[in-house]
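> Sharing input29.pdb below, PDB, C-alpha atoms:
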```
ATOM      1  CA  MET M   1     -32.323 190.992-192.544  1.00  0.00           C
ATOM      2  CA  PRO M   2     -32.125 188.933-189.328  1.00  0.00           C
ATOM      3  CA  LEU M   3     -33.026 185.247-189.465  1.00  0.00           C
ATOM      4  CA  ILE M   4     -34.237 183.065-186.622  1.00  0.00           C
ATOM      5  CA  GLU M   5     -34.171 179.337-187.309  1.00  0.00           C
ATOM      6  CA  ILE M   6     -35.611 176.830-184.862  1.00  0.00           C
ATOM      7  CA  LYS M   7     -35.791 173.065-185.372  1.00  0.00           C
ATOM      8  CA  THR M   8     -38.189 171.100-183.197  1.00  0.00           C
ATOM      9  CA  LEU M   9     -38.390 167.290-183.110  1.00  0.00           C
ATOM     10  CA  ILE M  10     -41.958 166.160-182.482  1.00  0.00           C
ATOM     11  CA  LYS M  11     -43.015 162.581-181.824  1.00  0.00           C
ATOM     12  CA  ALA M  12     -46.127 162.911-183.975  1.00  0.00           C
ATOM     13  CA  ASP M  13     -47.103 162.577-187.618  1.00  0.00           C
ATOM     14  CA  LEU M  14     -46.502 165.224-190.262  1.00  0.00           C
ATOM     15  CA  GLN M  15     -50.176 166.093-190.898  1.00  0.00           C
ATOM     16  CA  THR M  16     -50.938 166.678-187.210  1.00  0.00           C
ATOM     17  CA  CYS M  17     -47.966 169.035-186.852  1.00  0.00           C
ATOM     18  CA  PHE M  18     -48.766 170.854-190.100  1.00  0.00           C
ATOM     19  CA  ASP M  19     -52.407 171.374-189.130  1.00  0.00           C
ATOM     20  CA  LEU M  20     -51.638 172.503-185.574  1.00  0.00           C
ATOM     21  CA  SER M  21     -49.143 175.011-186.946  1.00  0.00           C
ATOM     22  CA  ARG M  22     -51.830 176.699-189.035  1.00  0.00           C
ATOM     23  CA  ASP M  23     -54.672 176.360-186.537  1.00  0.00           C
ATOM     24  CA  ILE M  24     -55.830 179.834-185.452  1.00  0.00           C
ATOM     25  CA  ASP M  25     -57.479 178.537-182.253  1.00  0.00           C
ATOM     26  CA  PHE M  26     -54.357 176.615-181.226  1.00  0.00           C
ATOM     27  CA  HIS M  27     -52.197 179.677-181.923  1.00  0.00           C
ATOM     28  CA  LYS M  28     -54.406 181.809-179.665  1.00  0.00           C
ATOM     29  CA  ALA M  29     -54.082 179.238-176.864  1.00  0.00           C
ATOM     30  CA  SER M  30     -50.292 178.976-177.251  1.00  0.00           C
ATOM     31  CA  MET M  31     -49.907 182.765-177.104  1.00  0.00           C
ATOM     32  CA  ALA M  32     -52.322 183.340-174.203  1.00  0.00           C
ATOM     33  CA  HIS M  33     -49.525 184.978-172.182  1.00  0.00           C
ATOM     34  CA  SER M  34     -49.575 187.948-174.603  1.00  0.00           C
ATOM     35  CA  GLY M  35     -53.367 188.073-174.866  1.00  0.00           C
ATOM     36  CA  GLU M  36     -53.108 187.351-178.584  1.00  0.00           C
ATOM     37  CA  LYS M  37     -56.418 187.153-180.412  1.00  0.00           C
ATOM     38  CA  ALA M  38     -57.542 187.017-184.029  1.00  0.00           C
ATOM     39  CA  ILE M  39     -59.714 190.063-184.731  1.00  0.00           C
ATOM     40  CA  ALA M  40     -60.189 190.097-188.530  1.00  0.00           C
ATOM     41  CA  GLY M  41     -59.882 187.853-191.576  1.00  0.00           C
ATOM     42  CA  LYS M  42     -59.709 184.151-190.759  1.00  0.00           C
ATOM     43  CA  THR M  43     -60.329 184.204-187.001  1.00  0.00           C
ATOM     44  CA  SER M  44     -60.773 180.494-186.269  1.00  0.00           C
ATOM     45  CA  GLY M  45     -59.978 177.065-187.684  1.00  0.00           C
ATOM     46  CA  LEU M  46     -57.262 176.140-190.168  1.00  0.00           C
ATOM     47  CA  ILE M  47     -55.847 178.979-192.253  1.00  0.00           C
ATOM     48  CA  GLY M  48     -54.988 178.151-195.859  1.00  0.00           C
ATOM     49  CA  HIS M  49     -53.394 179.544-198.992  1.00  0.00           C
ATOM     50  CA  GLY M  50     -54.394 183.116-199.793  1.00  0.00           C
ATOM     51  CA  GLU M  51     -56.151 183.650-196.460  1.00  0.00           C
ATOM     52  CA  TRP M  52     -55.166 186.343-193.976  1.00  0.00           C
ATOM     53  CA  VAL M  53     -55.589 187.090-190.291  1.00  0.00           C
ATOM     54  CA  THR M  54     -55.197 190.212-188.187  1.00  0.00           C
ATOM     55  CA  TRP M  55     -53.811 189.552-184.714  1.00  0.00           C
ATOM     56  CA  GLU M  56     -53.992 191.818-181.705  1.00  0.00           C
ATOM     57  CA  ALA M  57     -51.576 191.234-178.816  1.00  0.00           C
ATOM     58  CA  LYS M  58     -49.653 193.007-176.108  1.00  0.00           C
ATOM     59  CA  HIS M  59     -45.885 193.100-176.613  1.00  0.00           C
ATOM     60  CA  PHE M  60     -43.478 195.382-174.746  1.00  0.00           C
ATOM     61  CA  GLY M  61     -46.469 196.716-172.802  1.00  0.00           C
ATOM     62  CA  ILE M  62     -48.150 198.023-175.975  1.00  0.00           C
ATOM     63  CA  ILE M  63     -51.229 196.610-177.706  1.00  0.00           C
ATOM     64  CA  GLN M  64     -50.263 195.968-181.320  1.00  0.00           C
ATOM     65  CA  LYS M  65     -52.009 194.746-184.455  1.00  0.00           C
ATOM     66  CA  LEU M  66     -50.393 192.673-187.165  1.00  0.00           C
ATOM     67  CA  THR M  67     -51.921 191.274-190.352  1.00  0.00           C
ATOM     68  CA  SER M  68     -50.316 188.323-192.106  1.00  0.00           C
ATOM     69  CA  LYS M  69     -51.266 186.370-195.217  1.00  0.00           C
ATOM     70  CA  ILE M  70     -50.505 182.788-196.284  1.00  0.00           C
ATOM     71  CA  THR M  71     -48.530 183.349-199.487  1.00  0.00           C
ATOM     72  CA  GLU M  72     -47.154 179.851-200.174  1.00  0.00           C
ATOM     73  CA  PHE M  73     -48.708 176.492-199.354  1.00  0.00           C
ATOM     74  CA  ASP M  74     -47.658 172.884-200.041  1.00  0.00           C
ATOM     75  CA  ALA M  75     -49.536 170.642-197.578  1.00  0.00           C
ATOM     76  CA  PRO M  76     -48.330 168.968-195.409  1.00  0.00           C
ATOM     77  CA  TYR M  77     -44.720 170.039-195.975  1.00  0.00           C
ATOM     78  CA  TYR M  78     -44.549 173.803-196.157  1.00  0.00           C
ATOM     79  CA  PHE M  79     -46.350 177.088-195.818  1.00  0.00           C
ATOM     80  CA  VAL M  80     -45.328 180.722-195.530  1.00  0.00           C
ATOM     81  CA  ASP M  81     -47.018 183.601-193.785  1.00  0.00           C
ATOM     82  CA  GLU M  82     -45.905 187.143-194.556  1.00  0.00           C
ATOM     83  CA  MET M  83     -46.746 190.399-192.846  1.00  0.00           C
ATOM     84  CA  VAL M  84     -49.139 192.651-194.739  1.00  0.00           C
ATOM     85  CA  SER M  85     -49.214 195.367-192.071  1.00  0.00           C
ATOM     86  CA  GLY M  86     -47.879 195.741-188.553  1.00  0.00           C
ATOM     87  CA  ALA M  87     -45.003 196.866-186.384  1.00  0.00           C
ATOM     88  CA  PHE M  88     -42.220 195.291-188.470  1.00  0.00           C
ATOM     89  CA  LYS M  89     -40.974 196.785-191.711  1.00  0.00           C
ATOM     90  CA  SER M  90     -41.464 193.240-193.035  1.00  0.00           C
ATOM     91  CA  PHE M  91     -41.427 189.611-192.004  1.00  0.00           C
ATOM     92  CA  ARG M  92     -41.581 186.224-193.677  1.00  0.00           C
ATOM     93  CA  HIS M  93     -42.189 183.096-191.601  1.00  0.00           C
ATOM     94  CA  GLU M  94     -41.453 179.795-193.336  1.00  0.00           C
ATOM     95  CA  HIS M  95     -42.929 176.684-191.718  1.00  0.00           C
ATOM     96  CA  ARG M  96     -41.316 173.451-192.952  1.00  0.00           C
ATOM     97  CA  PHE M  97     -42.153 169.882-191.936  1.00  0.00           C
ATOM     98  CA  GLN M  98     -40.071 166.770-192.589  1.00  0.00           C
ATOM     99  CA  THR M  99     -40.458 163.145-191.549  1.00  0.00           C
ATOM    100  CA  LYS M 100     -37.590 161.542-189.653  1.00  0.00           C
ATOM    101  CA  ASN M 101     -37.850 157.974-188.323  1.00  0.00           C
ATOM    102  CA  GLY M 102     -41.644 158.244-188.059  1.00  0.00           C
ATOM    103  CA  ASP M 103     -41.474 161.566-186.206  1.00  0.00           C
ATOM    104  CA  THR M 104     -41.685 165.134-187.522  1.00  0.00           C
ATOM    105  CA  VAL M 105     -38.991 167.767-187.676  1.00  0.00           C
ATOM    106  CA  MET M 106     -40.609 171.196-187.686  1.00  0.00           C
ATOM    107  CA  ILE M 107     -38.341 173.942-188.992  1.00  0.00           C
ATOM    108  CA  ASP M 108     -39.237 177.583-188.498  1.00  0.00           C
ATOM    109  CA  ARG M 109     -37.370 180.204-190.481  1.00  0.00           C
ATOM    110  CA  PHE M 110     -38.391 183.690-189.421  1.00  0.00           C
ATOM    111  CA  TYR M 111     -36.913 186.557-191.450  1.00  0.00           C
ATOM    112  CA  PHE M 112     -37.725 190.029-190.195  1.00  0.00           C
ATOM    113  CA  GLU M 113     -36.813 193.616-190.793  1.00  0.00           C
ATOM    114  CA  SER M 114     -37.362 196.316-188.200  1.00  0.00           C
ATOM    115  CA  PRO M 115     -38.459 199.827-189.075  1.00  0.00           C
ATOM    116  CA  PHE M 116     -36.483 202.954-188.157  1.00  0.00           C
ATOM    117  CA  GLY M 117     -33.243 202.202-190.037  1.00  0.00           C
ATOM    118  CA  VAL M 118     -30.162 202.126-187.821  1.00  0.00           C
ATOM    119  CA  PHE M 119     -32.282 202.369-184.660  1.00  0.00           C
ATOM    120  CA  GLY M 120     -34.217 199.279-185.768  1.00  0.00           C
ATOM    121  CA  LYS M 121     -30.963 197.401-186.359  1.00  0.00           C
ATOM    122  CA  LEU M 122     -29.814 198.378-182.892  1.00  0.00           C
ATOM    123  CA  ALA M 123     -33.122 197.147-181.412  1.00  0.00           C
ATOM    124  CA  ASN M 124     -32.632 193.835-183.272  1.00  0.00           C
ATOM    125  CA  SER M 125     -29.258 193.220-181.705  1.00  0.00           C
ATOM    126  CA  LEU M 126     -30.170 194.497-178.237  1.00  0.00           C
ATOM    127  CA  PHE M 127     -33.466 192.679-177.663  1.00  0.00           C
ATOM    128  CA  LEU M 128     -35.822 192.038-180.595  1.00  0.00           C
ATOM    129  CA  LYS M 129     -34.158 188.941-182.057  1.00  0.00           C
ATOM    130  CA  ARG M 130     -33.941 187.377-178.579  1.00  0.00           C
ATOM    131  CA  TYR M 131     -37.585 188.293-177.841  1.00  0.00           C
ATOM    132  CA  MET M 132     -38.858 186.807-181.124  1.00  0.00           C
ATOM    133  CA  THR M 133     -36.784 183.642-180.626  1.00  0.00           C
ATOM    134  CA  LYS M 134     -38.345 183.169-177.191  1.00  0.00           C
ATOM    135  CA  LEU M 135     -41.850 183.803-178.552  1.00  0.00           C
ATOM    136  CA  LEU M 136     -41.412 181.237-181.342  1.00  0.00           C
ATOM    137  CA  SER M 137     -39.847 178.729-178.926  1.00  0.00           C
ATOM    138  CA  ILE M 138     -42.804 179.026-176.534  1.00  0.00           C
ATOM    139  CA  ARG M 139     -45.229 178.432-179.396  1.00  0.00           C
ATOM    140  CA  ASN M 140     -43.211 175.451-180.650  1.00  0.00           C
ATOM    141  CA  GLU M 141     -43.108 173.853-177.204  1.00  0.00           C
ATOM    142  CA  HIS M 142     -46.902 174.157-176.944  1.00  0.00           C
ATOM    143  CA  LEU M 143     -47.241 172.614-180.410  1.00  0.00           C
ATOM    144  CA  LYS M 144     -44.891 169.753-179.536  1.00  0.00           C
ATOM    145  CA  VAL M 145     -46.806 168.929-176.333  1.00  0.00           C
ATOM    146  CA  LYS M 146     -50.208 169.079-178.063  1.00  0.00           C
ATOM    147  CA  ALA M 147     -49.133 167.013-181.104  1.00  0.00           C
ATOM    148  CA  GLU M 148     -47.528 164.367-178.891  1.00  0.00           C
ATOM    149  CA  GLU M 149     -50.704 164.203-176.738  1.00  0.00           C
ATOM    150  CA  ILE M 150     -52.746 163.607-179.913  1.00  0.00           C
ATOM    151  CA  ARG M 151     -50.381 160.805-180.916  1.00  0.00           C
ATOM    152  CA  LEU M 152     -51.006 158.945-177.649  1.00  0.00           C
TER     153      LEU M 152
END
```
Represent the structure from my file as structure tokens, please.

Amino acid sequence: MPLIEIKTLIKADLQTCFDLSRDIDFHKASMAHSGEKAIAGKTSGLIGHGEWVTWEAKHFGIIQKLTSKITEFDAPYYFVDEMVSGAFKSFRHEHRFQTKNGDTVMIDRFYFESPFGVFGKLANSLFLKRYMTKLLSIRNEHLKVKAEEIRL
């Protein structure tokens, strides 16, 4: 199962980063380039333990739907969202937050499994892992900018 790990240093407090990371409205704004919108479940505000959201977005020129649920939650240090249904065979996204010298280190660990067996593994190595890394990096940069603006 492929793993993407991204560490982002943010000059903002832990709670701000944690809350922005689980804010449905912020997520929609940070993913505007893909037209991502929440269409079912928790569709606005802060998502919490046991809650779910269905997203609709355009990726690879195709409109897709994906439902994920918050399965683990330890505010303001950690939460996990896992796919319930969607284009992947499975995914687990761990969001971790640590304090370092008054700033926050946000650590994303995104484990995913593609459908279609060997063809899915080929897609992972050819483009999917790179695409997902870029998508997460764009979101993290938006989060960093917003959290640091709040700090000012």
> Quick one: which residues end up in the PyMOL selection byres ((chain M and resi 28) around 10) for this structure, as a PyMOL selection string?
chain M and resi 23-27+29-38+43-44+55+57+139
> Taking every listed atom of range 8-27 of chain M and adding 8 Å to each side, what centre and edge lengths in Å (one decimal) does the axis-aligned box have, as lines of an AutoDock Vina configuration file?

```
center_x = -47.8
center_y = 171.2
center_z = -186.1
size_x = 35.3
size_y = 33.3
size_z = 25.7
```
> Any chance you could work out the residue set of the PyMOL selection byres ((chain M and resi 83) around 10) here, as a ChimeraX atom specification?
/M:52-54,66-71,81-82,84-93,112
> Using all atoms listed in the file, which residue out of M:Ala40, M:Ala147, M:Ser137, M:Glu56 lies closest to Thr104 in chain M?
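Looking only at the distances to Thr104 in chain M, the closest residue turns out to be M:Ala147.
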> Out of M:Lys7, M:Pro115, M:Asp74, M:Gln98, which residue has the shortest atom-to-atom distance to Leu136 in chain M when counting all atoms listed in the file?
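Among the listed residues, the smallest separation from Leu136 in chain M belongs to M:Lys7.
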> Using only C-alpha atoms, which of M:Met1, M:Phe97, M:His142, M:Phe18 sits nearest Ser114 in chain M?
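Result for the nearest residue to Ser114 in chain M: M:Met1.
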> To one decimal place, how far is CA of Arg151 in chain M from CA of Val105 in chain M in Å?
15.0 Å
> Give the answer as one residue: which of M:Ile47, M:Ala12, M:Lys58, M:Cys17 has the shortest atom-to-atom distance to Ile107 in chain M, using all atoms listed in the file?
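With all atoms listed in the file as the atom set, the closest residue is M:Cys17.
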> Of the residues M:Leu3, M:Ile39, M:Leu128, M:Leu14, which is the one nearest to Phe60 in chain M, using all atoms listed in the file?
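Ranked by minimum distance to Phe60 in chain M, first place goes to M:Leu128.
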> So the first atom is CA of Leu126 in chain M and the second is CA of Glu113 in chain M; what is the distance between them in Å, to one decimal place?
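Separating CA of Leu126 in chain M from CA of Glu113 in chain M is a distance of 14.2 Å.
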> Looking at M:Pro2, M:His95, M:Thr8, M:Gln64, which one is nearest to Glu141 in chain M, with distances taken over all atoms listed in the file?
M:Thr8
> Quick one: pull the distance between CA of Ile4 in chain M and CA of Arg96 in chain M, Å, one decimal.
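Interatomic distance here is 13.5 Å.
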> Check what the PyMOL selection byres ((chain M and resi 5) around 6) selects in the file above and give those residues as number ranges by chain.
M: 4, 6, 108-109
> Once you have the residues from the selection above, write them out as a PDB file, in the coordinates of the input, restricted to C-alpha atoms.

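Written file, again-v9.pdb:
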```
ATOM      1  CA  ILE M   4     -34.237 183.065-186.622  1.00  0.00           C
ATOM      2  CA  ILE M   6     -35.611 176.830-184.862  1.00  0.00           C
ATOM      3  CA  ASP M 108     -39.237 177.583-188.498  1.00  0.00           C
ATOM      4  CA  ARG M 109     -37.370 180.204-190.481  1.00  0.00           C
TER       5      ARG M 109
END
```
